[in-house]
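Source file entry_23.txt; content: compact mmCIF, C-alpha atoms.
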```
# COMPACT_ATOMS: atom_id res chain seq x y z
CA MET A 835 -10.85 -9.58 -18.20
CA SER A 836 -7.95 -11.80 -19.27
CA LEU A 837 -4.48 -10.82 -20.35
CA GLU A 838 -5.54 -11.33 -23.96
CA GLY A 839 -7.59 -8.13 -23.87
CA ILE A 840 -4.47 -6.14 -23.06
CA LYS A 841 -2.04 -8.02 -25.31
CA LYS A 842 -2.67 -5.88 -28.39
CA TYR A 843 -1.76 -2.76 -26.42
CA ILE A 844 1.50 -4.44 -25.40
CA ASP A 845 2.22 -5.31 -29.04
CA GLN A 846 1.53 -1.71 -30.12
CA LEU A 847 3.89 -0.10 -27.61
CA ASP A 848 6.55 2.15 -29.02
CA LYS A 849 9.90 0.54 -28.16
CA ASP A 850 11.60 3.87 -27.45
CA HIS A 851 15.05 3.37 -25.94
CA GLN A 852 14.67 6.74 -24.22
CA ASN A 853 11.60 5.58 -22.31
CA SER A 854 11.41 2.51 -20.09
CA HIS A 855 7.60 2.19 -19.93
CA ALA A 856 7.25 -0.16 -22.90
CA TYR A 857 9.84 -2.64 -21.68
CA ARG A 858 8.44 -2.43 -18.15
CA ALA A 859 5.00 -3.35 -19.47
CA MET A 860 6.36 -6.15 -21.68
CA SER A 861 8.36 -7.69 -18.83
CA SER A 862 5.40 -7.50 -16.46
CA PHE A 863 2.96 -8.95 -18.98
CA GLU A 864 5.23 -11.93 -19.64
CA MET A 865 5.82 -12.51 -15.94
CA ILE A 866 2.08 -12.52 -15.17
CA GLU A 867 1.56 -15.03 -18.00
CA ASN A 868 4.32 -17.25 -16.60
CA ILE A 869 2.98 -17.14 -13.06
CA ASP A 870 -0.50 -18.05 -14.30
CA LEU A 871 1.10 -21.17 -15.79
CA MET A 872 2.86 -21.87 -12.48
CA ILE A 873 -0.39 -21.58 -10.53
CA ASP A 874 -2.21 -23.91 -12.96
CA ARG A 875 0.60 -26.44 -12.61
CA TYR A 876 0.53 -26.11 -8.83
CA LEU A 877 -3.18 -26.89 -8.72
CA ASP A 878 -3.09 -29.73 -11.26
CA GLN A 879 -0.08 -31.72 -10.07
CA VAL A 880 -0.47 -34.01 -7.05
CA GLN A 881 2.62 -34.28 -4.85
CA THR A 882 3.22 -36.72 -2.00
CA GLU A 883 6.90 -36.32 -1.18
CA LYS A 884 7.81 -33.60 1.29
CA GLY A 885 10.61 -32.17 -0.88
CA ALA A 886 8.32 -31.83 -3.90
CA ILE A 887 5.57 -30.24 -1.80
CA LEU A 888 8.01 -27.72 -0.33
CA LEU A 889 9.36 -26.88 -3.78
CA ASP A 890 5.82 -26.20 -4.97
CA VAL A 891 4.90 -24.18 -1.87
CA PHE A 892 8.05 -22.04 -2.05
CA GLY A 893 7.49 -21.50 -5.76
CA LEU A 894 3.87 -20.52 -5.23
CA LEU A 895 4.64 -17.99 -2.48
CA GLN A 896 7.47 -16.42 -4.44
CA GLY A 897 5.43 -16.48 -7.64
CA LEU A 898 2.50 -14.65 -6.06
CA PHE A 899 4.88 -12.12 -4.54
CA VAL A 900 6.44 -11.45 -7.96
CA ALA A 901 3.02 -11.43 -9.66
CA ILE A 902 1.80 -8.61 -7.43
CA ASP A 903 4.89 -6.56 -8.27
CA ALA A 904 4.27 -7.34 -11.95
CA LEU A 905 0.68 -6.05 -11.75
CA TYR A 906 1.93 -2.75 -10.34
CA ASP A 907 4.58 -2.51 -13.05
CA LEU A 908 2.12 -3.43 -15.79
CA ALA A 909 -0.14 -0.59 -14.68
CA ILE A 910 2.77 1.86 -14.62
CA GLY A 911 4.13 0.63 -17.95
CA LEU A 912 0.78 1.02 -19.73
CA THR A 913 -0.68 4.06 -17.97
CA GLN A 914 2.42 5.71 -16.38
CA TYR A 915 0.69 5.49 -12.98
CA LYS A 916 -0.25 2.88 -10.38
CA TYR A 917 -3.66 4.44 -9.74
CA HIS A 918 -5.55 1.35 -10.91
CA ILE A 919 -4.01 -0.98 -8.36
CA ASN A 920 -3.98 -1.01 -4.57
CA ILE A 921 -3.22 -4.53 -3.40
CA ASN A 922 -2.69 -3.33 0.17
CA SER A 923 -6.42 -2.66 0.44
CA ASN A 924 -6.93 -6.44 0.27
CA PRO A 925 -6.01 -7.73 3.75
CA VAL A 926 -5.36 -11.30 2.55
CA LEU A 927 -2.89 -10.24 -0.15
CA HIS A 928 -1.43 -7.48 2.01
CA GLU A 929 -0.35 -10.17 4.46
CA LEU A 930 1.26 -12.22 1.69
CA LYS A 931 4.52 -10.23 1.77
CA TYR A 932 4.95 -10.95 5.48
CA ILE A 933 4.31 -14.66 4.96
CA ARG A 934 6.69 -14.79 2.02
CA ASN A 935 9.41 -13.04 4.02
CA ASP A 936 8.91 -15.41 6.95
CA ILE A 937 9.08 -18.62 4.92
CA VAL A 938 10.83 -17.91 1.60
CA GLY A 939 12.68 -14.65 2.11
CA HIS A 940 14.45 -14.68 5.48
CA PRO A 941 13.28 -17.62 7.59
CA THR A 942 16.61 -18.31 9.31
CA HIS A 943 17.45 -14.80 10.45
CA ARG A 944 15.36 -11.65 10.39
CA THR A 945 16.54 -8.53 12.18
CA TYR A 946 14.34 -5.83 13.65
CA ASN A 947 15.08 -2.14 14.13
CA ASN A 948 14.86 -2.39 17.90
CA GLY A 949 17.63 -5.00 18.02
CA GLY A 950 15.42 -8.09 17.96
CA MET A 951 15.92 -11.19 15.85
CA GLY A 952 13.39 -13.62 14.39
CA PHE A 953 13.53 -17.21 13.14
CA SER A 954 10.71 -19.11 11.39
CA ILE A 955 10.23 -22.87 11.48
CA LEU A 956 7.75 -24.88 9.41
CA LYS A 957 5.71 -27.48 11.29
CA SER A 958 6.67 -30.52 9.20
CA ASP A 959 3.60 -32.56 10.06
CA LYS A 960 1.32 -29.80 8.74
CA VAL A 961 2.98 -29.13 5.38
CA SER A 962 0.77 -29.89 2.38
CA LYS A 963 -0.22 -28.31 -0.91
CA ASP A 964 -3.41 -27.11 0.78
CA LYS A 965 -1.79 -25.30 3.68
CA ILE A 966 1.28 -24.77 5.83
CA VAL A 967 1.72 -23.89 9.49
CA TYR A 968 4.83 -22.19 10.82
CA GLN A 969 6.10 -20.64 14.02
CA THR A 970 8.19 -17.49 14.30
CA PHE A 971 10.44 -17.11 17.34
CA ILE A 972 11.22 -13.45 18.08
CA TYR A 973 13.99 -12.60 20.55
CA GLN A 974 14.09 -9.09 22.01
CA LYS A 975 16.04 -8.01 25.07
CA ASN A 976 16.48 -11.56 26.36
CA GLU A 977 12.79 -12.31 26.00
CA MET A 978 11.18 -14.63 23.47
CA GLU A 979 7.80 -14.34 21.77
CA VAL A 980 6.38 -17.20 19.69
CA LYS A 981 3.84 -16.55 16.96
CA GLU A 982 2.10 -19.31 15.00
CA LYS A 983 0.62 -18.75 11.56
CA GLU A 984 -1.57 -21.01 9.40
CA VAL A 985 -1.55 -20.26 5.67
CA ILE A 986 -4.33 -21.82 3.58
CA PHE A 987 -3.56 -21.48 -0.11
CA LYS A 988 -7.02 -21.64 -1.74
CA PRO A 989 -8.31 -18.30 -0.37
CA LEU A 990 -4.94 -16.74 -1.15
CA LEU A 991 -5.23 -17.85 -4.78
CA ASP A 992 -8.91 -16.87 -4.96
CA HIS A 993 -8.12 -13.35 -3.76
CA PHE A 994 -5.21 -13.02 -6.16
CA ARG A 995 -7.30 -14.09 -9.16
CA THR A 996 -10.15 -11.75 -8.21
CA GLU A 997 -7.82 -8.79 -7.74
CA LYS A 998 -5.89 -9.56 -10.92
CA LYS A 999 -9.08 -9.76 -13.00
CA GLN A 1000 -10.35 -6.44 -11.69
CA ILE A 1001 -7.01 -4.68 -12.10
CA LEU A 1002 -6.68 -5.87 -15.69
CA GLN A 1003 -10.24 -4.78 -16.41
CA GLU A 1004 -9.62 -1.27 -15.08
CA ILE A 1005 -6.33 -0.93 -16.94
CA TYR A 1006 -8.16 -2.01 -20.11
CA GLN A 1007 -10.97 0.51 -19.47
CA TYR A 1008 -8.35 3.23 -19.16
CA LEU A 1009 -6.65 2.18 -22.40
CA VAL A 1010 -9.87 2.21 -24.44
CA HIS A 1011 -11.14 5.40 -22.78
CA SER A 1012 -11.18 8.40 -25.08
CA GLU A 1013 -9.12 11.22 -23.66
CA THR A 1014 -11.42 13.85 -22.24
CA GLU A 1015 -11.37 16.97 -20.10
CA THR A 1016 -13.77 17.15 -17.16
CA ASP A 1017 -14.42 19.58 -14.34
CA ILE A 1018 -13.38 17.00 -11.73
CA PRO A 1019 -10.05 18.73 -10.97
CA GLU A 1020 -11.84 22.06 -10.55
CA LYS A 1021 -14.36 20.48 -8.18
CA LEU A 1022 -11.49 18.99 -6.20
CA PHE A 1023 -9.91 22.43 -5.95
CA THR A 1024 -13.15 23.62 -4.35
CA LEU A 1025 -13.22 20.54 -2.11
CA TYR A 1026 -9.71 21.43 -0.91
CA GLU A 1027 -11.12 24.70 0.39
CA THR A 1028 -14.44 23.43 1.76
CA LEU A 1029 -13.96 19.76 2.73
CA ASN A 1030 -17.65 19.33 1.97
CA GLU A 1031 -18.81 15.71 2.09
CA ASP A 1032 -21.69 16.25 -0.36
CA LEU A 1033 -19.26 17.64 -2.91
CA LEU A 1034 -16.98 14.66 -2.32
CA PHE A 1035 -19.86 12.29 -3.12
CA GLU A 1036 -20.62 14.24 -6.31
CA ILE A 1037 -16.97 14.03 -7.40
CA GLU A 1038 -16.88 10.27 -6.80
CA GLU A 1039 -19.97 9.77 -8.95
CA ASP A 1040 -18.48 11.91 -11.73
CA PHE A 1041 -15.25 9.88 -11.61
CA LYS A 1042 -17.12 6.56 -11.80
CA LYS A 1043 -19.15 7.73 -14.78
CA THR A 1044 -16.19 9.26 -16.63
CA TYR A 1045 -13.96 6.18 -16.34
CA ALA A 1046 -16.68 3.48 -16.42
CA LEU A 1047 -15.90 2.19 -12.91
CA ASP A 1048 -18.32 0.44 -10.56
CA GLU A 1049 -18.76 0.18 -6.80
CA SER A 1050 -16.26 -2.66 -6.52
CA SER A 1051 -13.43 -0.65 -8.07
CA LYS A 1052 -10.14 -0.58 -6.16
CA HIS A 1053 -8.94 2.55 -7.96
CA ARG A 1054 -6.78 4.63 -5.67
CA PHE A 1055 -9.02 7.65 -6.27
CA PHE A 1056 -11.82 5.94 -4.34
CA TRP A 1057 -9.41 4.70 -1.69
CA ARG A 1058 -8.28 8.29 -1.11
CA ALA A 1059 -11.91 9.39 -1.06
CA GLY A 1060 -12.62 6.82 1.65
CA LEU A 1061 -9.72 8.13 3.72
CA LEU A 1062 -11.06 11.64 3.30
CA LYS A 1063 -14.52 10.58 4.51
CA THR A 1064 -12.88 9.14 7.63
CA LEU A 1065 -11.09 12.45 8.20
CA ILE A 1066 -14.18 14.61 7.64
CA ASP A 1067 -16.08 12.55 10.22
CA TRP A 1068 -13.15 12.50 12.68
CA HIS A 1069 -13.53 15.01 15.50
CA GLU A 1070 -11.20 15.56 18.46
CA GLN A 1071 -11.56 18.02 21.35
CA ASP A 1072 -7.84 18.75 21.44
CA ASP A 1073 -6.98 21.63 19.10
CA ASP A 1074 -3.58 20.14 18.21
CA TYR A 1075 -5.25 16.97 16.97
CA GLY A 1076 -7.87 19.03 15.14
CA GLN A 1077 -5.15 20.88 13.23
CA LEU A 1078 -3.48 17.59 12.33
CA ILE A 1079 -6.77 16.13 11.04
CA PHE A 1080 -7.41 19.28 8.99
CA TYR A 1081 -3.91 19.01 7.50
CA MET A 1082 -4.32 15.31 6.67
CA SER A 1083 -7.70 16.06 5.05
CA ARG A 1084 -6.19 18.61 2.71
CA VAL A 1085 -3.31 16.27 1.89
CA GLN A 1086 -5.80 13.62 0.74
CA VAL A 1087 -7.66 16.11 -1.46
CA SER A 1088 -4.38 17.32 -2.98
CA LYS A 1089 -3.48 13.73 -3.89
CA MET A 1090 -6.90 13.21 -5.49
CA TYR A 1091 -6.49 16.51 -7.35
CA GLU A 1092 -3.11 15.43 -8.72
CA MET A 1093 -4.54 12.05 -9.69
CA ALA A 1094 -7.50 13.58 -11.55
CA LEU A 1095 -5.18 15.92 -13.45
CA ASP A 1096 -2.86 13.07 -14.38
CA MET A 1097 -5.78 11.01 -15.71
CA GLU A 1098 -6.58 13.89 -18.07
CA HIS A 1099 -2.92 14.67 -18.86
CA ARG A 1100 -3.32 18.16 -17.47
CA LYS A 1101 -1.36 20.44 -15.17
CA GLY A 1102 -2.90 22.34 -12.26
CA GLN A 1103 -2.00 24.47 -9.30
CA ASP A 1104 0.17 23.46 -6.37
CA LEU A 1105 -1.98 22.85 -3.31
CA TYR A 1106 0.17 23.58 -0.29
CA THR A 1107 -1.03 23.19 3.30
CA GLU A 1108 1.01 24.53 6.19
CA ILE A 1109 2.38 21.77 8.41
CA PRO A 1110 0.65 21.78 11.83
CA SER A 1111 2.62 22.44 15.00
CA LEU A 1112 2.70 18.85 16.31
CA LEU A 1113 3.94 17.48 13.02
CA TYR A 1114 6.52 20.24 12.61
CA LYS A 1115 7.95 19.46 16.05
CA PHE A 1116 8.02 15.76 15.22
CA TYR A 1117 10.02 16.44 12.05
CA LYS A 1118 12.37 18.67 14.04
CA PHE A 1119 12.90 15.86 16.57
CA ILE A 1120 13.62 13.33 13.81
CA ARG A 1121 16.10 15.75 12.22
CA ARG A 1122 18.07 15.92 15.48
CA HIS A 1123 18.07 12.12 15.86
CA GLU A 1124 18.02 11.10 12.22
CA LYS A 1125 20.70 8.41 12.50
CA ASP A 1126 18.67 6.37 14.99
CA ALA A 1127 15.12 7.54 14.33
CA LEU A 1128 14.84 7.52 10.53
CA LYS A 1129 14.82 3.72 10.29
CA LEU A 1130 11.87 3.62 12.70
CA LEU A 1131 9.48 5.54 10.41
CA SER A 1132 8.96 3.01 7.62
CA TYR A 1133 6.09 0.99 9.12
CA LEU A 1134 4.32 3.50 11.35
CA HIS A 1135 1.47 3.65 8.82
CA ASP A 1136 0.90 -0.12 8.68
CA LYS A 1137 -0.95 -1.34 11.77
CA ASP A 1138 -0.53 -5.02 10.87
CA HIS A 1139 3.15 -4.94 9.99
CA PRO A 1140 5.27 -7.05 12.36
CA LEU A 1141 7.56 -4.07 13.04
CA HIS A 1142 4.86 -1.41 13.53
CA GLN A 1143 4.42 -1.67 17.29
CA GLY A 1144 8.11 -2.23 18.05
CA ASP A 1145 9.23 0.78 16.01
CA LEU A 1146 6.63 2.99 17.68
CA VAL A 1147 7.77 1.87 21.13
CA ALA A 1148 11.39 2.48 20.11
CA LEU A 1149 10.55 6.09 19.15
CA LEU A 1150 8.77 6.63 22.46
CA ALA A 1151 11.85 5.27 24.26
CA MET A 1152 14.04 7.99 22.70
CA ASN A 1153 12.75 10.48 25.27
CA PRO A 1154 11.06 12.83 22.78
CA PRO A 1155 9.78 16.31 23.79
CA LYS A 1156 6.28 16.36 25.25
CA GLU A 1157 4.64 17.51 21.99
CA VAL A 1158 6.29 14.68 20.04
CA TYR A 1159 5.44 12.18 22.78
CA LYS A 1160 1.84 13.42 22.62
CA LEU A 1161 1.70 12.83 18.85
CA LEU A 1162 3.22 9.35 19.10
CA MET A 1163 0.79 8.40 21.85
CA PHE A 1164 -2.08 9.69 19.69
CA LEU A 1165 -0.95 7.24 17.01
CA ARG A 1166 -0.55 4.42 19.52
CA GLN A 1167 -4.10 4.90 20.84
CA GLN A 1168 -5.74 4.44 17.44
CA GLU A 1169 -7.56 1.16 16.79
CA SER A 1170 -8.71 1.94 13.26
CA GLU A 1171 -6.35 0.78 10.49
CA GLU A 1172 -7.31 3.84 8.43
CA LYS A 1173 -6.49 6.28 11.23
CA VAL A 1174 -3.17 4.53 11.90
CA PHE A 1175 -2.41 4.78 8.18
CA LEU A 1176 -3.26 8.48 8.05
CA ILE A 1177 -1.21 9.52 11.08
CA GLY A 1178 1.65 7.13 10.28
CA SER A 1179 1.82 8.39 6.69
CA ALA A 1180 2.10 11.96 7.92
CA LEU A 1181 4.97 10.96 10.22
CA ARG A 1182 6.88 8.99 7.60
CA ALA A 1183 6.54 11.87 5.10
CA TYR A 1184 9.59 13.37 6.82
CA ARG A 1185 12.31 14.13 4.28
CA PRO A 1186 15.89 13.27 5.30
CA LYS A 1187 18.64 15.85 5.06
CA ASN A 1188 20.45 14.14 2.22
CA ARG A 1189 17.45 13.90 -0.10
```

Now that the file is in, can you turn its structure into structure tokens?
Amino acid sequence: MSLEGIKKYIDQLDKDHQNSHAYRAMSSFEMIENIDLMIDRYLDQVQTEKGAILLDVFGLLQGLFVAIDALYDLAIGLTQYKYHININSNPVLHELKYIRNDIVGHPTHRTYNNGGMGFSILKSDKVSKDKIVYQTFIYQKNEMEVKEKEVIFKPLLDHFRTEKKQILQEIYQYLVHSETETDIPEKLFTLYETLNEDLLFEIEEDFKKTYALDESSKHRFFWRAGLLKTLIDWHEQDDDYGQLIFYMSRVQVSKMYEMALDMEHRKGQDLYTEIPSLLYKFYKFIRRHEKDALKLLSYLHDKDHPLHQGDLVALLAMNPPKEVYKLLMFLRQQESEEKVFLIGSALRAYRPKNR
């Protein structure tokens, strides 16, 4: 699916000054078109001088970064939701924002929540239009860590084009889809009560059929369903952990329920699950130490984020009560990206006093 298939829907948008969706979609559509031109130019033009190569590389990294934002905003502008796009599920593109920040965003001075500082330096002899190599020097508590990263542009561009094509296709399918009312929300309401994996499979199949989606779809409904499968199959002997897993399971179903209702432009019931003891005590601890602790919650859900481990260690160093320490250690022990995401998301769902 190319942008041309969506263009007529952009042209037909109601330019209502009371609603920003149309202008959001128009801006995003134009930006994606412009970045496609930039990428074509990048691939077609041979450069030999270092300055010209760097200009192209910086432009490419920034362009891809902006293009991903534009895809999200195009989805929201045309459908009101970002359900059709989940770039973070692609590990190559998920890493792009870290690379862009290292090289284009803040290479000369990055600060970390635990007091550390980072500086990135390109290896001049390895700069080309095919790839770059850079080192990041991280200083924390009078100690230095050096990380080296090689970035090869072809797979980055291949992944972007594949994701973009699929996202545009699914947005288009939504736009041409006749509005209908299904029993998917009602089945999800039952799933909230039962957490039955067979029913979950049935709901997924209904969703695929209703919205003409295939197995390769990155729709957030299926991503949530995958998280729920992980939770249903996740068993711990400790009752505190069991309660947390049960809570996280119901949270995922409630998000799928809300999504299914939104897709049909319907309203449903509020699905509220009582917060388990460990999580309640964690929130209580953060409330008491909000000034120092709040800034450490942002990346607890992202196992690969450069600040994830440091922020977790910083929370552990704040001498939390034993129940909170137990929960943080439970997060730290996880090796699965999905399980880190689930626990970390529950922790960062804390709502500050002033919001």

Report as a compact mmCIF listing (two decimals) with C-alpha atoms, in the frame of the given file all protein, DNA and RNA residues lying within 9 Å of segment 1109-1116 of chain A, evaluated on only C-alpha atoms, omitting residues in the same chain fewer than 4 positions from it.
```txt
# COMPACT_ATOMS: atom_id res chain seq x y z
CA ASP A 1074 -3.58 20.14 18.21
CA TYR A 1075 -5.25 16.97 16.97
CA GLN A 1077 -5.15 20.88 13.23
CA LEU A 1078 -3.48 17.59 12.33
CA PHE A 1080 -7.41 19.28 8.99
CA TYR A 1081 -3.91 19.01 7.50
CA ILE A 1120 13.62 13.33 13.81
CA ARG A 1121 16.10 15.75 12.22
CA PRO A 1154 11.06 12.83 22.78
CA PRO A 1155 9.78 16.31 23.79
CA GLU A 1157 4.64 17.51 21.99
CA VAL A 1158 6.29 14.68 20.04
CA TYR A 1159 5.44 12.18 22.78
CA LYS A 1160 1.84 13.42 22.62
CA LEU A 1161 1.70 12.83 18.85
CA LEU A 1162 3.22 9.35 19.10
CA ALA A 1180 2.10 11.96 7.92
CA LEU A 1181 4.97 10.96 10.22
CA TYR A 1184 9.59 13.37 6.82
```

Best match for closeness to Asp1104 of chain A among A:Phe1023, A:Phe994, A:Tyr932, A:Phe1035, counting only C-alpha atoms: A:Phe1023

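Take atom CA of Gln1103 of chain A and atom CA of Lys1042 of chain A: the distance between them is 23.6 Å.
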
Counting all atoms listed in the file, the residue of A:Tyr1008, A:Asp959, A:Leu908, A:Ile972 that sits nearest Thr945 of chain A: A:Ile972

Contact residues around segment 1175-1178 of chain A with only C-alpha atoms at 10 Å, ignoring same-chain residues under 2 positions, as a ChimeraX atom specification: /A:1061-1062,1064-1065,1078-1079,1082-1083,1085-1086,1113,1131-1137,1142,1146,1161-1162,1164-1166,1168,1170-1173,1180-1183

Taking all atoms of segment 920-936 of chain A that the file lists and extending 3 Å past them on each side, where is the centre of the axis-aligned box and how long are its edges? Answer in Å to one decimal, as lines of an AutoDock Vina configuration file.
```
center_x = 1.2
center_y = -8.2
center_z = 1.2
size_x = 22.3
size_y = 20.4
size_z = 17.5
```

Atomic separation - atom CA of Lys981 of chain A relative to atom CA of Gln969 of chain A, Å: 5.5 Å
